[in-house]
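J.: Quick one: the structure is below, and I'll ask about it shortly.
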Amino acid sequence: MKNERQIKIEILQEEDLKDLIKTFSFAWTSPEATKVKWEAYLAEQKAGNRIVCLAKWQDRLIGYGSLLKNSKYPHFRASRIPEIHDVWISDDHRGHGFGRQLISQLEWLAQKENYQSVGIGVGLYKDYGRAQKLYIRLGYVPDGEGVTYKYEATVTGKSYPLDDDLVIWFKKKLPKFSTQGDGYYLERQEEPIPEDEQVLFDGISDDAAKKKGMERVKPFRIYVRDVNQSVLAGASGVTYYGCLYVDMLWVEESIRSRGFGKKIMEEAENIARERKCTFATLNTMDWEALPFYQKLGYQIEFIREGYKKASRMYMLRKEL
Ligand SMILES: CC(C)(COP(=O)(O)OP(=O)(O)OC[C@H]1O[C@@H](n2cnc3c(N)ncnc32)[C@H](O)[C@@H]1OP(=O)(O)O)[C@@H](O)C(=O)NCCC(=O)NCCS
């Protein structure tokens with residue numbers, strides 16, 4: 001299943017030009033202009049300023065993208081940030097994670113060359129909506145320089161056409177390249193990307209389903225918000241294999257002792273019962289909330305010692 005959704009990514013070679021020009025001659029440009037573009041890309045690649053990746057799926061060319069070392073965007077150029085440029089996945093192959101794979105490969109190429117960050121620009125109108133959402137999900141953040149028009153900073157109060165030249169720029173910090181041999185590499189993520197976490201989650205769930213016919217591990221979040229939508233309290237956790245596990249519970253100091261902690265725990269237990277769990281577990285440190293949980297019916301299952309300053313962790317359990 002996974003391999004069906006895996007694209008093959010190859011670096012542009014001279015002999016690819018014909019197929020590229022045939023496959024990607026768009027209505028809004030001429031075949032001649034397309035030819036000029038790809039020849040220019042190849043020349044730039046030969047000169048060391050661009051690496052062009054071609055995406056193939058089931059032996060068919062379905063997309064492309066480049067890593068442009070000297071971006072035309074002055075801020076990237078000055079900060080030595082290579083630009084992920086001209087990424088395209090054909091219409092009928094969108095929505096399968098191919099764009100994501102292509103971008104990951106381009107990031108990896110940048111990482112291999114010891115760049116600390118990589119950047120990408122995106123248009124502001126709706127045709128770019130998918131790309132805007134994807135870049136944010138992949139951990140890109142706006143570079144804080146506002147919007148540019150034809151690569152130049154826009155000026156407050158002036159008018160600009162909403163076209164392909166009106167662009168906002170994003171960048172992403174790259175982890176240090178560390179090879180694990182065989183083309184694998186270790187990435188350290190200090191700001192988790194939900195999509196990547198999901199892969200681990202899915203992997204564990206699939207494994208449990210395969211080996212013991214277990215249902216999927218299911219996360220939950222509960223929040224208390226005020227009228228401004230600010231989060232003032234909440235809990236996170238999972239239900240797995242018939243058990244509720246509450247990972248984090250926190251109530252903002254100014255609203256403690258007003259029953260919110262209890263309400264949140266009761267809501268978590270309701271979720272657990274709906275998901276057919278028969279017991280709940282959680283851990284609390286000796287200075288945290290043991291009496292609170294005991295009041296809610298949790299009992300000490302065992303105590304783990306060995307933490308700093310002679311601290312103890314209580315592993316608690318309650319039958320539901
Ligand atoms: C622990 C915490 C979540 C409790 O939330 P809260 O909203 O203040 O608790 P509630 O008002 O719902 O209290 C429910 C009951 O527990 C009791 N209780 C709460 N904290 C208690 C404590 N530290 N010691 C003894 N009893 C406590 C309350 O008196 C109340 O009793 P009642 O039902 O008889 O009136 C909150 O203090 C907190 O966020 N602490 C810091 C983070 C933390 O320790 N999290 C837990 C990590 S495991």
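Each chain in the structure tokens gets a letter, A, B and so on, in the order shown; residues start at 1 in every chain, and ligands are counted from 1 in the order they appear.
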Report the residues of segment 31-254 of chain A whose backbone DSSP state falls under alpha helix (DSSP H), written as JSON, numbers by chain.
T.: {"A": [31, 32, 33, 34, 35, 36, 37, 38, 39, 40, 41, 42, 43, 44, 45, 46, 74, 75, 76, 77, 78, 98, 99, 100, 101, 102, 103, 104, 105, 106, 107, 108, 109, 110, 111, 112, 129, 130, 131, 132, 133, 134, 135, 136, 137, 194, 195, 196, 197, 198, 199, 200, 201, 202, 203, 204, 205, 206, 207, 208, 209, 210, 211, 212]}
J.: Which residues are near ligand 1 in this structure, taking near to mean any atom at most 9 Å from a ligand atom and counting only C-alpha atoms and all ligand atoms? Format them as a ChimeraX atom specification.
T.: /A:233-235,246-253,255-265,282-285,287-296
J.: Near Asp196 of chain A, within 10 Å and counting only C-alpha atoms, which residues show up once chain neighbours fewer than 4 positions away are dropped, as a ChimeraX atom specification?
T.: /A:137-138,189,192,200-201
J.: May I have the selected residues written with N, CA and C atoms, as a JSON list (two decimals), in the first residue's frame?
T.:
```json
[["chain", "number", "residue", "atom", "x", "y", "z"],
["A", 137, "ARG", "N", 1.72, 22.96, 6.82],
["A", 137, "ARG", "CA", 1.73, 21.63, 7.45],
["A", 137, "ARG", "C", 3.13, 21.03, 7.47],
["A", 138, "LEU", "N", 3.95, 21.40, 6.50],
["A", 138, "LEU", "CA", 5.31, 20.86, 6.45],
["A", 138, "LEU", "C", 6.28, 21.63, 7.34],
["A", 189, "GLN", "N", 13.73, 16.98, 15.15],
["A", 189, "GLN", "CA", 12.67, 17.99, 15.04],
["A", 189, "GLN", "C", 12.39, 18.56, 16.41],
["A", 192, "PRO", "N", 7.63, 19.84, 16.57],
["A", 192, "PRO", "CA", 7.03, 18.69, 15.89],
["A", 192, "PRO", "C", 6.12, 19.09, 14.73],
["A", 200, "LEU", "N", 4.19, 7.95, 12.75],
["A", 200, "LEU", "CA", 4.55, 7.07, 13.86],
["A", 200, "LEU", "C", 3.29, 6.46, 14.48],
["A", 201, "PHE", "N", 2.33, 7.32, 14.68],
["A", 201, "PHE", "CA", 1.06, 6.91, 15.27],
["A", 201, "PHE", "C", 0.42, 5.79, 14.43]]
```
J.: When you look at Glu301 of chain A with a cut-off of 8 Å (counting only C-alpha atoms), what residues show up, excluding the ones that are within fewer than 2 positions of it in the same chain? I need them as a count of residues only.
T.: 6
